[in-house]
file data23.txt (compact mmCIF, N, CA and C atoms)
# COMPACT_ATOMS: atom_id res chain seq x y z
N MET Y 37 22.99 -30.77 -10.32
CA MET Y 37 21.88 -30.81 -9.38
C MET Y 37 21.02 -29.56 -9.57
N ALA Y 38 19.72 -29.73 -9.68
CA ALA Y 38 18.80 -28.61 -9.87
C ALA Y 38 18.49 -27.96 -8.52
N SER Y 39 18.41 -26.64 -8.55
CA SER Y 39 18.10 -25.89 -7.33
C SER Y 39 16.60 -25.91 -7.08
N PRO Y 40 16.17 -26.13 -5.83
CA PRO Y 40 14.74 -26.09 -5.54
C PRO Y 40 14.20 -24.66 -5.72
N HIS Y 41 13.07 -24.53 -6.35
CA HIS Y 41 12.40 -23.25 -6.58
C HIS Y 41 13.25 -22.28 -7.40
N GLY Y 42 14.29 -22.76 -8.06
CA GLY Y 42 15.13 -21.90 -8.87
C GLY Y 42 16.05 -20.99 -8.06
N ILE Y 43 16.19 -21.26 -6.78
CA ILE Y 43 17.03 -20.45 -5.88
C ILE Y 43 18.26 -21.27 -5.53
N PRO Y 44 19.45 -20.68 -5.63
CA PRO Y 44 20.65 -21.43 -5.26
C PRO Y 44 20.56 -21.98 -3.84
N VAL Y 45 21.05 -23.19 -3.64
CA VAL Y 45 20.91 -23.88 -2.36
C VAL Y 45 21.55 -23.09 -1.22
N ASP Y 46 22.72 -22.48 -1.46
CA ASP Y 46 23.36 -21.74 -0.37
C ASP Y 46 22.54 -20.52 0.06
N LEU Y 47 21.83 -19.87 -0.88
CA LEU Y 47 20.96 -18.76 -0.52
C LEU Y 47 19.70 -19.27 0.17
N LEU Y 48 19.16 -20.37 -0.32
CA LEU Y 48 17.94 -20.93 0.26
C LEU Y 48 18.16 -21.32 1.72
N ASP Y 49 19.36 -21.79 2.07
CA ASP Y 49 19.67 -22.15 3.45
C ASP Y 49 19.63 -20.94 4.38
N ARG Y 50 19.90 -19.73 3.85
CA ARG Y 50 19.94 -18.52 4.68
C ARG Y 50 18.66 -17.71 4.59
N LEU Y 51 17.67 -18.17 3.86
CA LEU Y 51 16.45 -17.43 3.61
C LEU Y 51 15.30 -18.01 4.43
N VAL Y 52 14.62 -17.14 5.14
CA VAL Y 52 13.43 -17.54 5.88
C VAL Y 52 12.28 -16.69 5.36
N ILE Y 53 11.24 -17.31 4.87
CA ILE Y 53 10.08 -16.59 4.37
C ILE Y 53 8.95 -16.77 5.36
N ILE Y 54 8.43 -15.66 5.84
CA ILE Y 54 7.33 -15.68 6.79
C ILE Y 54 6.08 -15.20 6.08
N ARG Y 55 5.10 -16.05 5.95
CA ARG Y 55 3.86 -15.69 5.28
C ARG Y 55 2.91 -15.05 6.28
N THR Y 56 2.29 -13.96 5.89
CA THR Y 56 1.35 -13.27 6.77
C THR Y 56 -0.04 -13.31 6.16
N GLN Y 57 -1.02 -12.99 6.95
CA GLN Y 57 -2.40 -12.91 6.49
C GLN Y 57 -2.71 -11.47 6.11
N THR Y 58 -3.75 -11.30 5.29
CA THR Y 58 -4.16 -9.94 4.91
C THR Y 58 -4.74 -9.23 6.13
N TYR Y 59 -4.55 -7.92 6.14
CA TYR Y 59 -5.12 -7.13 7.22
C TYR Y 59 -6.61 -6.95 6.99
N GLY Y 60 -7.38 -6.95 8.06
CA GLY Y 60 -8.80 -6.65 8.00
C GLY Y 60 -9.01 -5.15 8.05
N PRO Y 61 -10.24 -4.70 7.87
CA PRO Y 61 -10.53 -3.26 7.86
C PRO Y 61 -10.10 -2.56 9.17
N GLU Y 62 -10.34 -3.20 10.30
CA GLU Y 62 -9.99 -2.57 11.59
C GLU Y 62 -8.48 -2.40 11.72
N GLU Y 63 -7.74 -3.41 11.30
CA GLU Y 63 -6.28 -3.32 11.38
C GLU Y 63 -5.74 -2.27 10.42
N MET Y 64 -6.34 -2.19 9.23
CA MET Y 64 -5.91 -1.18 8.28
C MET Y 64 -6.16 0.22 8.82
N ILE Y 65 -7.30 0.43 9.44
CA ILE Y 65 -7.63 1.75 10.00
C ILE Y 65 -6.64 2.11 11.09
N LYS Y 66 -6.27 1.14 11.91
CA LYS Y 66 -5.30 1.40 12.97
C LYS Y 66 -3.94 1.78 12.38
N ILE Y 67 -3.51 1.09 11.34
CA ILE Y 67 -2.23 1.39 10.67
C ILE Y 67 -2.28 2.77 10.04
N LEU Y 68 -3.40 3.09 9.37
CA LEU Y 68 -3.54 4.39 8.73
C LEU Y 68 -3.58 5.51 9.75
N ALA Y 69 -4.23 5.28 10.90
CA ALA Y 69 -4.26 6.29 11.96
C ALA Y 69 -2.87 6.53 12.52
N THR Y 70 -2.10 5.46 12.68
CA THR Y 70 -0.72 5.59 13.15
C THR Y 70 0.11 6.37 12.16
N ARG Y 71 -0.05 6.07 10.88
CA ARG Y 71 0.70 6.79 9.84
C ARG Y 71 0.34 8.27 9.83
N ALA Y 72 -0.95 8.57 9.96
CA ALA Y 72 -1.38 9.97 9.99
C ALA Y 72 -0.79 10.68 11.21
N GLN Y 73 -0.73 10.00 12.33
CA GLN Y 73 -0.16 10.57 13.55
C GLN Y 73 1.33 10.84 13.35
N VAL Y 74 2.05 9.93 12.74
CA VAL Y 74 3.48 10.10 12.48
C VAL Y 74 3.72 11.30 11.57
N GLU Y 75 2.86 11.46 10.56
CA GLU Y 75 3.00 12.58 9.63
C GLU Y 75 2.38 13.86 10.19
N GLU Y 76 1.87 13.80 11.42
CA GLU Y 76 1.25 14.93 12.11
C GLU Y 76 0.07 15.49 11.32
N LEU Y 77 -0.76 14.58 10.81
CA LEU Y 77 -1.96 14.95 10.08
C LEU Y 77 -3.18 14.73 10.97
N VAL Y 78 -4.15 15.63 10.86
CA VAL Y 78 -5.40 15.47 11.60
C VAL Y 78 -6.42 14.91 10.61
N ILE Y 79 -6.98 13.76 10.95
CA ILE Y 79 -7.92 13.09 10.04
C ILE Y 79 -9.14 12.63 10.81
N GLU Y 80 -10.31 12.81 10.20
CA GLU Y 80 -11.57 12.44 10.84
C GLU Y 80 -11.74 10.92 10.81
N GLU Y 81 -12.55 10.41 11.75
CA GLU Y 81 -12.81 8.96 11.84
C GLU Y 81 -13.47 8.43 10.56
N GLU Y 82 -14.40 9.21 10.02
CA GLU Y 82 -15.08 8.81 8.78
C GLU Y 82 -14.07 8.69 7.64
N SER Y 83 -13.09 9.59 7.63
CA SER Y 83 -12.06 9.57 6.59
C SER Y 83 -11.17 8.34 6.73
N LEU Y 84 -10.85 7.98 7.97
CA LEU Y 84 -10.05 6.77 8.19
C LEU Y 84 -10.80 5.53 7.71
N ALA Y 85 -12.10 5.48 7.98
CA ALA Y 85 -12.90 4.34 7.53
C ALA Y 85 -12.92 4.28 6.00
N TYR Y 86 -13.03 5.44 5.36
CA TYR Y 86 -13.03 5.48 3.89
C TYR Y 86 -11.68 5.04 3.34
N LEU Y 87 -10.59 5.47 3.96
CA LEU Y 87 -9.25 5.03 3.54
C LEU Y 87 -9.11 3.52 3.68
N GLY Y 88 -9.67 2.97 4.76
CA GLY Y 88 -9.65 1.52 4.95
C GLY Y 88 -10.37 0.80 3.82
N GLU Y 89 -11.51 1.38 3.38
CA GLU Y 89 -12.24 0.80 2.25
C GLU Y 89 -11.41 0.85 0.97
N ILE Y 90 -10.72 1.97 0.75
CA ILE Y 90 -9.87 2.10 -0.44
C ILE Y 90 -8.78 1.04 -0.42
N GLY Y 91 -8.15 0.86 0.74
CA GLY Y 91 -7.11 -0.15 0.87
C GLY Y 91 -7.62 -1.55 0.62
N GLN Y 92 -8.80 -1.85 1.14
CA GLN Y 92 -9.39 -3.17 0.94
C GLN Y 92 -9.71 -3.39 -0.54
N LYS Y 93 -10.28 -2.37 -1.19
CA LYS Y 93 -10.63 -2.51 -2.61
C LYS Y 93 -9.39 -2.70 -3.47
N SER Y 94 -8.36 -1.91 -3.21
CA SER Y 94 -7.16 -2.01 -4.04
C SER Y 94 -6.46 -3.34 -3.80
N SER Y 95 -6.53 -3.87 -2.58
CA SER Y 95 -5.89 -5.16 -2.33
C SER Y 95 -6.67 -6.29 -2.97
N LEU Y 96 -7.99 -6.18 -3.01
CA LEU Y 96 -8.79 -7.22 -3.64
C LEU Y 96 -8.64 -7.17 -5.16
N ARG Y 97 -8.54 -5.95 -5.72
CA ARG Y 97 -8.37 -5.82 -7.17
C ARG Y 97 -7.05 -6.40 -7.61
N SER Y 98 -6.02 -6.14 -6.81
CA SER Y 98 -4.68 -6.53 -7.25
C SER Y 98 -4.35 -7.96 -6.88
N GLY Y 99 -5.06 -8.52 -5.92
CA GLY Y 99 -4.74 -9.87 -5.48
C GLY Y 99 -3.51 -9.90 -4.59
N MET Y 100 -3.00 -8.72 -4.22
CA MET Y 100 -1.83 -8.65 -3.35
C MET Y 100 -2.31 -8.61 -1.90
N ILE Y 101 -1.41 -8.90 -0.99
CA ILE Y 101 -1.80 -8.84 0.41
C ILE Y 101 -1.65 -7.42 0.91
N VAL Y 102 -2.54 -7.02 1.79
CA VAL Y 102 -2.40 -5.73 2.47
C VAL Y 102 -1.75 -6.08 3.78
N GLY Y 103 -0.51 -5.93 3.85
CA GLY Y 103 0.27 -6.36 4.99
C GLY Y 103 1.70 -6.41 4.56
N PHE Y 104 2.43 -7.29 5.11
CA PHE Y 104 3.82 -7.37 4.68
C PHE Y 104 4.32 -8.78 4.70
N VAL Y 105 5.31 -9.01 3.89
CA VAL Y 105 6.02 -10.27 3.86
C VAL Y 105 7.42 -9.94 4.35
N THR Y 106 7.91 -10.68 5.28
CA THR Y 106 9.24 -10.44 5.81
C THR Y 106 10.19 -11.47 5.25
N LEU Y 107 11.25 -10.99 4.64
CA LEU Y 107 12.30 -11.86 4.15
C LEU Y 107 13.52 -11.58 5.01
N GLU Y 108 14.03 -12.58 5.65
CA GLU Y 108 15.18 -12.39 6.51
C GLU Y 108 16.38 -13.09 5.88
N PHE Y 109 17.42 -12.34 5.64
CA PHE Y 109 18.64 -12.88 5.07
C PHE Y 109 19.68 -12.91 6.18
N PHE Y 110 20.17 -14.10 6.50
CA PHE Y 110 21.17 -14.24 7.54
C PHE Y 110 22.54 -14.25 6.90
N SER Y 111 23.39 -13.41 7.38
CA SER Y 111 24.75 -13.35 6.86
C SER Y 111 25.70 -13.09 8.02
N SER Y 112 26.97 -12.90 7.72
CA SER Y 112 27.94 -12.65 8.78
C SER Y 112 27.68 -11.32 9.47
N GLU Y 113 27.00 -10.37 8.77
CA GLU Y 113 26.71 -9.07 9.37
C GLU Y 113 25.47 -9.11 10.26
N GLY Y 114 24.71 -10.15 10.24
CA GLY Y 114 23.50 -10.24 11.05
C GLY Y 114 22.28 -10.46 10.18
N CYS Y 115 21.16 -9.96 10.63
CA CYS Y 115 19.88 -10.21 9.96
C CYS Y 115 19.31 -8.88 9.47
N SER Y 116 18.92 -8.83 8.21
CA SER Y 116 18.26 -7.65 7.64
C SER Y 116 16.84 -8.04 7.31
N GLN Y 117 15.91 -7.10 7.50
CA GLN Y 117 14.52 -7.38 7.18
C GLN Y 117 14.06 -6.42 6.10
N TYR Y 118 13.32 -6.94 5.14
CA TYR Y 118 12.77 -6.15 4.06
C TYR Y 118 11.25 -6.31 4.11
N TYR Y 119 10.55 -5.19 4.19
CA TYR Y 119 9.10 -5.24 4.25
C TYR Y 119 8.53 -4.76 2.92
N ILE Y 120 7.57 -5.47 2.41
CA ILE Y 120 6.92 -5.10 1.17
C ILE Y 120 5.48 -4.74 1.51
N PHE Y 121 5.12 -3.48 1.35
CA PHE Y 121 3.79 -3.01 1.72
C PHE Y 121 2.98 -2.65 0.48
N LEU Y 122 1.71 -2.87 0.57
CA LEU Y 122 0.79 -2.31 -0.41
C LEU Y 122 0.45 -0.93 0.10
N ARG Y 123 0.76 0.12 -0.64
CA ARG Y 123 0.80 1.44 -0.06
C ARG Y 123 -0.21 2.44 -0.63
N HIS Y 124 -1.11 2.02 -1.48
CA HIS Y 124 -1.99 2.99 -2.14
C HIS Y 124 -2.77 3.85 -1.14
N ALA Y 125 -3.40 3.24 -0.17
CA ALA Y 125 -4.21 4.00 0.80
C ALA Y 125 -3.33 4.95 1.62
N VAL Y 126 -2.15 4.49 2.01
CA VAL Y 126 -1.25 5.33 2.80
C VAL Y 126 -0.76 6.52 1.97
N GLN Y 127 -0.51 6.29 0.68
CA GLN Y 127 0.01 7.34 -0.17
C GLN Y 127 -1.02 8.42 -0.50
N LEU Y 128 -2.28 8.18 -0.21
CA LEU Y 128 -3.30 9.20 -0.42
C LEU Y 128 -3.34 10.22 0.71
N LEU Y 129 -2.71 9.93 1.83
CA LEU Y 129 -2.76 10.85 2.98
C LEU Y 129 -2.14 12.21 2.68
N SER Y 130 -0.96 12.23 2.10
CA SER Y 130 -0.27 13.51 1.85
C SER Y 130 -1.01 14.39 0.85
N PRO Y 131 -1.43 13.86 -0.32
CA PRO Y 131 -2.20 14.73 -1.22
C PRO Y 131 -3.52 15.21 -0.61
N ALA Y 132 -4.16 14.36 0.20
CA ALA Y 132 -5.41 14.76 0.85
C ALA Y 132 -5.15 15.89 1.84
N SER Y 133 -4.02 15.85 2.50
CA SER Y 133 -3.65 16.93 3.42
C SER Y 133 -3.46 18.24 2.68
N ILE Y 134 -2.85 18.18 1.50
CA ILE Y 134 -2.65 19.39 0.69
C ILE Y 134 -3.99 19.94 0.21
N VAL Y 135 -4.88 19.06 -0.22
CA VAL Y 135 -6.21 19.49 -0.66
C VAL Y 135 -6.96 20.14 0.50
N ALA Y 136 -6.88 19.56 1.69
CA ALA Y 136 -7.55 20.14 2.86
C ALA Y 136 -7.00 21.54 3.16
N LYS Y 137 -5.69 21.71 3.10
CA LYS Y 137 -5.09 23.02 3.36
C LYS Y 137 -5.49 24.02 2.29
N MET Y 138 -5.60 23.58 1.03
CA MET Y 138 -6.05 24.47 -0.05
C MET Y 138 -7.48 24.92 0.18
N ASN Y 139 -8.27 24.09 0.85
CA ASN Y 139 -9.66 24.43 1.16
C ASN Y 139 -9.80 25.12 2.51
N GLY Y 140 -8.68 25.49 3.13
CA GLY Y 140 -8.70 26.27 4.38
C GLY Y 140 -8.95 25.45 5.64
N ARG Y 141 -8.68 24.16 5.61
CA ARG Y 141 -8.88 23.31 6.78
C ARG Y 141 -7.58 22.65 7.18
N ASP Y 142 -7.46 22.34 8.47
CA ASP Y 142 -6.30 21.61 8.97
C ASP Y 142 -6.54 20.11 9.00
N ASN Y 143 -7.82 19.71 9.07
CA ASN Y 143 -8.13 18.28 9.15
C ASN Y 143 -8.56 17.74 7.79
N ILE Y 144 -8.26 16.46 7.57
CA ILE Y 144 -8.61 15.78 6.32
C ILE Y 144 -10.01 15.20 6.47
N CYS Y 145 -10.90 15.57 5.55
CA CYS Y 145 -12.25 15.01 5.59
C CYS Y 145 -12.42 14.03 4.42
N LYS Y 146 -13.54 13.35 4.40
CA LYS Y 146 -13.80 12.32 3.39
C LYS Y 146 -13.80 12.92 1.98
N ALA Y 147 -14.31 14.14 1.83
CA ALA Y 147 -14.36 14.79 0.51
C ALA Y 147 -12.95 14.98 -0.05
N ASP Y 148 -11.99 15.29 0.81
CA ASP Y 148 -10.60 15.43 0.35
C ASP Y 148 -10.07 14.10 -0.19
N LEU Y 149 -10.36 13.04 0.51
CA LEU Y 149 -9.92 11.71 0.08
C LEU Y 149 -10.61 11.27 -1.20
N GLU Y 150 -11.89 11.59 -1.33
CA GLU Y 150 -12.60 11.26 -2.56
C GLU Y 150 -11.99 11.99 -3.75
N GLU Y 151 -11.61 13.25 -3.53
CA GLU Y 151 -11.00 14.03 -4.62
C GLU Y 151 -9.66 13.44 -5.05
N VAL Y 152 -8.80 13.15 -4.09
CA VAL Y 152 -7.48 12.61 -4.47
C VAL Y 152 -7.58 11.17 -4.98
N ASP Y 153 -8.59 10.44 -4.55
CA ASP Y 153 -8.77 9.07 -5.04
C ASP Y 153 -9.13 9.07 -6.52
N THR Y 154 -9.80 10.14 -6.99
CA THR Y 154 -10.11 10.22 -8.43
C THR Y 154 -8.88 10.64 -9.23
N LEU Y 155 -7.91 11.29 -8.57
CA LEU Y 155 -6.71 11.77 -9.27
C LEU Y 155 -5.62 10.71 -9.36
N TYR Y 156 -5.52 9.85 -8.35
CA TYR Y 156 -4.45 8.86 -8.30
C TYR Y 156 -5.02 7.45 -8.35
N LEU Y 157 -4.46 6.64 -9.23
CA LEU Y 157 -4.87 5.25 -9.35
C LEU Y 157 -3.82 4.34 -8.75
N ASP Y 158 -4.25 3.21 -8.22
CA ASP Y 158 -3.26 2.21 -7.82
C ASP Y 158 -2.71 1.56 -9.09
N ALA Y 159 -1.63 0.83 -8.95
CA ALA Y 159 -0.91 0.29 -10.11
C ALA Y 159 -1.80 -0.58 -11.00
N ASN Y 160 -2.60 -1.44 -10.42
CA ASN Y 160 -3.42 -2.35 -11.23
C ASN Y 160 -4.56 -1.63 -11.93
N SER Y 161 -5.14 -0.61 -11.28
CA SER Y 161 -6.19 0.17 -11.95
C SER Y 161 -5.60 0.94 -13.12
N SER Y 162 -4.39 1.47 -12.93
CA SER Y 162 -3.71 2.19 -14.00
C SER Y 162 -3.43 1.26 -15.19
N ALA Y 163 -2.98 0.05 -14.90
CA ALA Y 163 -2.72 -0.93 -15.97
C ALA Y 163 -4.01 -1.30 -16.70
N LYS Y 164 -5.10 -1.40 -15.96
CA LYS Y 164 -6.39 -1.73 -16.57
C LYS Y 164 -6.84 -0.62 -17.52
N VAL Y 165 -6.71 0.64 -17.08
CA VAL Y 165 -7.06 1.78 -17.93
C VAL Y 165 -6.19 1.77 -19.18
N HIS Y 166 -4.92 1.50 -19.02
CA HIS Y 166 -4.00 1.44 -20.15
C HIS Y 166 -4.45 0.38 -21.16
N GLN Y 167 -4.81 -0.81 -20.67
CA GLN Y 167 -5.26 -1.88 -21.57
C GLN Y 167 -6.55 -1.50 -22.28
N GLU Y 168 -7.47 -0.84 -21.58
CA GLU Y 168 -8.74 -0.45 -22.19
C GLU Y 168 -8.55 0.61 -23.27
N GLN Y 169 -7.53 1.47 -23.11
CA GLN Y 169 -7.31 2.56 -24.05
C GLN Y 169 -6.10 2.33 -24.95
N LEU Y 170 -5.71 1.09 -25.11
CA LEU Y 170 -4.52 0.74 -25.86
C LEU Y 170 -4.57 1.22 -27.30
N GLU Y 171 -5.75 1.19 -27.92
CA GLU Y 171 -5.87 1.61 -29.32
C GLU Y 171 -5.64 3.10 -29.50
N LYS Y 172 -5.70 3.89 -28.44
CA LYS Y 172 -5.48 5.34 -28.53
C LYS Y 172 -4.01 5.73 -28.52
N TYR Y 173 -3.15 4.77 -28.19
CA TYR Y 173 -1.71 5.04 -28.12
C TYR Y 173 -1.06 4.78 -29.46
N ILE Y 174 0.01 5.51 -29.73
CA ILE Y 174 0.79 5.28 -30.95
C ILE Y 174 1.63 4.04 -30.74
N SER Y 175 1.62 3.17 -31.76
CA SER Y 175 2.43 1.95 -31.62
C SER Y 175 3.48 1.85 -32.68
call {"tool": "encode", "arguments": {"input": "data23.txt", "output": "structure tokens"}}
result
Amino acid sequence: MASPHGIPVDLLDRLVIIRTQTYGPEEMIKILATRAQVEELVIEEESLAYLGEIGQKSSLRSGMIVGFVTLEFFSSEGCSQYYIFLRHAVQLLSPASIVAKMNGRDNICKADLEEVDTLYLDANSSAKVHQEQLEKYIS
């Protein structure tokens, strides 16, 4: 007997996949503001809006959702949840904080985010650059 979707039947019976929608710009800004608050970072409203734009662009480029997919595995120990996040915009917060401190400020401004955005690429942008410069690598 063939397994549906290539997943063993006994695992498929214990697996619940919850599909979510992509986050909009307002929701992304709220999530980023919460993350900045948790990390005890001071960030300007304009900077949050710019981070939201970065998140939207990277999610559109990659075709991935900006949000999470919850996979729940039921077993004798209970239920575990695994969240898969697109994290590029969130991961820019810490380097931007360091750049702001190097410039003598406690708050993160848009210029700090623009600087770190040029230094760090999301995974799909990095792969695109690699493909464009493939002839420069030793094979």
call {"tool": "residues_around", "arguments": {"input": "data23.txt", "residues": "Y:Cys145", "least_positions_apart": "4", "cutoff": "7 Å", "atoms": "only N, CA and C atoms", "output": "ChimeraX atom specification"}}
result
/Y:78-80,82-83,132,136,149-150
call {"tool": "residues_near_point", "arguments": {"input": "data23.txt", "point": "(-2.8, 18.4, 4.3)", "cutoff": "6 Å", "atoms": "only N, CA and C atoms", "output": "CSV table (one decimal) with N, CA and C atoms, keeping the file's coordinate frame"}}
result
chain,number,residue,atom,x,y,z
Y,130,SER,N,-1.0,12.2,2.1
Y,130,SER,CA,-0.3,13.5,1.8
Y,130,SER,C,-1.0,14.4,0.8
Y,131,PRO,N,-1.4,13.9,-0.3
Y,131,PRO,CA,-2.2,14.7,-1.2
Y,131,PRO,C,-3.5,15.2,-0.6
Y,132,ALA,N,-4.2,14.4,0.2
Y,132,ALA,CA,-5.4,14.8,0.8
Y,132,ALA,C,-5.2,15.9,1.8
Y,133,SER,N,-4.0,15.8,2.5
Y,133,SER,CA,-3.6,16.9,3.4
Y,133,SER,C,-3.5,18.2,2.7
Y,134,ILE,N,-2.8,18.2,1.5
Y,134,ILE,CA,-2.6,19.4,0.7
Y,134,ILE,C,-4.0,19.9,0.2
Y,135,VAL,N,-4.9,19.1,-0.2
Y,135,VAL,CA,-6.2,19.5,-0.7
Y,135,VAL,C,-7.0,20.1,0.5
Y,136,ALA,N,-6.9,19.6,1.7
Y,136,ALA,CA,-7.6,20.1,2.9
Y,136,ALA,C,-7.0,21.5,3.2
Y,137,LYS,N,-5.7,21.7,3.1
Y,137,LYS,CA,-5.1,23.0,3.4
Y,137,LYS,C,-5.5,24.0,2.3
call {"tool": "atom_distance", "arguments": {"input": "data23.txt", "atom1": "atom C of Y:Ala125", "atom2": "atom N of Y:Val52"}}
result
28.7 Å
call {"tool": "atom_distance", "arguments": {"input": "data23.txt", "atom1": "atom C of Y:Ile174", "atom2": "atom N of Y:Tyr156"}}
result
24.2 Å
call {"tool": "closest_residue", "arguments": {"input": "data23.txt", "among": "Y:Asp46, Y:Asp153, Y:Glu81, Y:Glu89", "to": "Y:Met64", "atoms": "only C-alpha atoms"}}
result
Y:Glu89
call {"tool": "atom_distance", "arguments": {"input": "data23.txt", "atom1": "atom C of Y:Val152", "atom2": "atom CA of Y:Gln169"}}
result
20.9 Å
call {"tool": "axis_aligned_box", "arguments": {"input": "data23.txt", "around": "stretch 84-94 of chain Y", "padding_each_side": "5 Å", "output": "lines of an AutoDock Vina configuration file"}}
result
center_x = -9.7
center_y = 2.3
center_z = 2.1
size_x = 16.6
size_y = 21.4
size_z = 22.2
call {"tool": "closest_residue", "arguments": {"input": "data23.txt", "among": "Y:Leu170, Y:Leu87, Y:Ser162, Y:Gly140", "to": "Y:Ile65", "atoms": "only C-alpha atoms"}}
result
Y:Leu87
call {"tool": "decode", "arguments": {"input": "data23.txt", "residues": "stretch 147-163 of chain Y", "atoms": "N, CA, C and O atoms", "output": "mmCIF file, in the first residue's frame"}}
result
data_model
loop_
_atom_site.group_PDB
_atom_site.id
_atom_site.type_symbol
_atom_site.label_atom_id
_atom_site.label_comp_id
_atom_site.auth_asym_id
_atom_site.auth_seq_id
_atom_site.Cartn_x
_atom_site.Cartn_y
_atom_site.Cartn_z
ATOM 1 N N ALA Y 147 18.997 54.877 9.162
ATOM 2 C CA ALA Y 147 20.336 54.810 8.558
ATOM 3 C C ALA Y 147 21.094 53.575 9.045
ATOM 4 O O ALA Y 147 21.827 52.946 8.271
ATOM 5 N N ASP Y 148 20.917 53.213 10.315
ATOM 6 C CA ASP Y 148 21.562 52.011 10.848
ATOM 7 C C ASP Y 148 21.048 50.761 10.131
ATOM 8 O O ASP Y 148 21.821 49.870 9.773
ATOM 9 N N LEU Y 149 19.755 50.703 9.932
ATOM 10 C CA LEU Y 149 19.153 49.559 9.250
ATOM 11 C C LEU Y 149 19.566 49.494 7.786
ATOM 12 O O LEU Y 149 19.808 48.412 7.254
ATOM 13 N N GLU Y 150 19.662 50.651 7.140
ATOM 14 C CA GLU Y 150 20.107 50.671 5.744
ATOM 15 C C GLU Y 150 21.533 50.150 5.635
ATOM 16 O O GLU Y 150 21.861 49.404 4.706
ATOM 17 N N GLU Y 151 22.378 50.523 6.607
ATOM 18 C CA GLU Y 151 23.765 50.059 6.582
ATOM 19 C C GLU Y 151 23.858 48.545 6.754
ATOM 20 O O GLU Y 151 24.547 47.866 5.991
ATOM 21 N N VAL Y 152 23.160 48.007 7.740
ATOM 22 C CA VAL Y 152 23.249 46.558 7.957
ATOM 23 C C VAL Y 152 22.520 45.775 6.864
ATOM 24 O O VAL Y 152 22.904 44.645 6.574
ATOM 25 N N ASP Y 153 21.529 46.381 6.244
ATOM 26 C CA ASP Y 153 20.824 45.700 5.147
ATOM 27 C C ASP Y 153 21.742 45.514 3.946
ATOM 28 O O ASP Y 153 21.606 44.550 3.200
ATOM 29 N N THR Y 154 22.715 46.432 3.766
ATOM 30 C CA THR Y 154 23.677 46.259 2.671
ATOM 31 C C THR Y 154 24.723 45.204 3.013
ATOM 32 O O THR Y 154 25.330 44.619 2.120
ATOM 33 N N LEU Y 155 24.930 44.949 4.307
ATOM 34 C CA LEU Y 155 25.948 43.980 4.737
ATOM 35 C C LEU Y 155 25.432 42.548 4.770
ATOM 36 O O LEU Y 155 26.202 41.614 4.555
ATOM 37 N N TYR Y 156 24.152 42.373 5.087
ATOM 38 C CA TYR Y 156 23.584 41.042 5.248
ATOM 39 C C TYR Y 156 22.494 40.799 4.215
ATOM 40 O O TYR Y 156 21.595 41.608 4.056
ATOM 41 N N LEU Y 157 22.584 39.671 3.539
ATOM 42 C CA LEU Y 157 21.579 39.291 2.551
ATOM 43 C C LEU Y 157 20.703 38.185 3.112
ATOM 44 O O LEU Y 157 21.167 37.360 3.896
ATOM 45 N N ASP Y 158 19.454 38.149 2.679
ATOM 46 C CA ASP Y 158 18.631 36.993 3.016
ATOM 47 C C ASP Y 158 19.092 35.826 2.150
ATOM 48 O O ASP Y 158 19.867 35.995 1.204
ATOM 49 N N ALA Y 159 18.657 34.633 2.490
ATOM 50 C CA ALA Y 159 19.165 33.416 1.846
ATOM 51 C C ALA Y 159 18.963 33.422 0.332
ATOM 52 O O ALA Y 159 19.862 33.052 -0.427
ATOM 53 N N ASN Y 160 17.812 33.848 -0.133
ATOM 54 C CA ASN Y 160 17.544 33.812 -1.577
ATOM 55 C C ASN Y 160 18.331 34.863 -2.342
ATOM 56 O O ASN Y 160 18.767 34.624 -3.456
ATOM 57 N N SER Y 161 18.544 36.038 -1.736
ATOM 58 C CA SER Y 161 19.374 37.054 -2.386
ATOM 59 C C SER Y 161 20.810 36.573 -2.479
ATOM 60 O O SER Y 161 21.486 36.789 -3.484
ATOM 61 N N SER Y 162 21.286 35.912 -1.426
ATOM 62 C CA SER Y 162 22.633 35.362 -1.423
ATOM 63 C C SER Y 162 22.791 34.303 -2.520
ATOM 64 O O SER Y 162 23.800 34.281 -3.235
ATOM 65 N N ALA Y 163 21.800 33.441 -2.663
ATOM 66 C CA ALA Y 163 21.842 32.414 -3.709
ATOM 67 C C ALA Y 163 21.826 33.042 -5.098
ATOM 68 O O ALA Y 163 22.517 32.565 -6.011
#
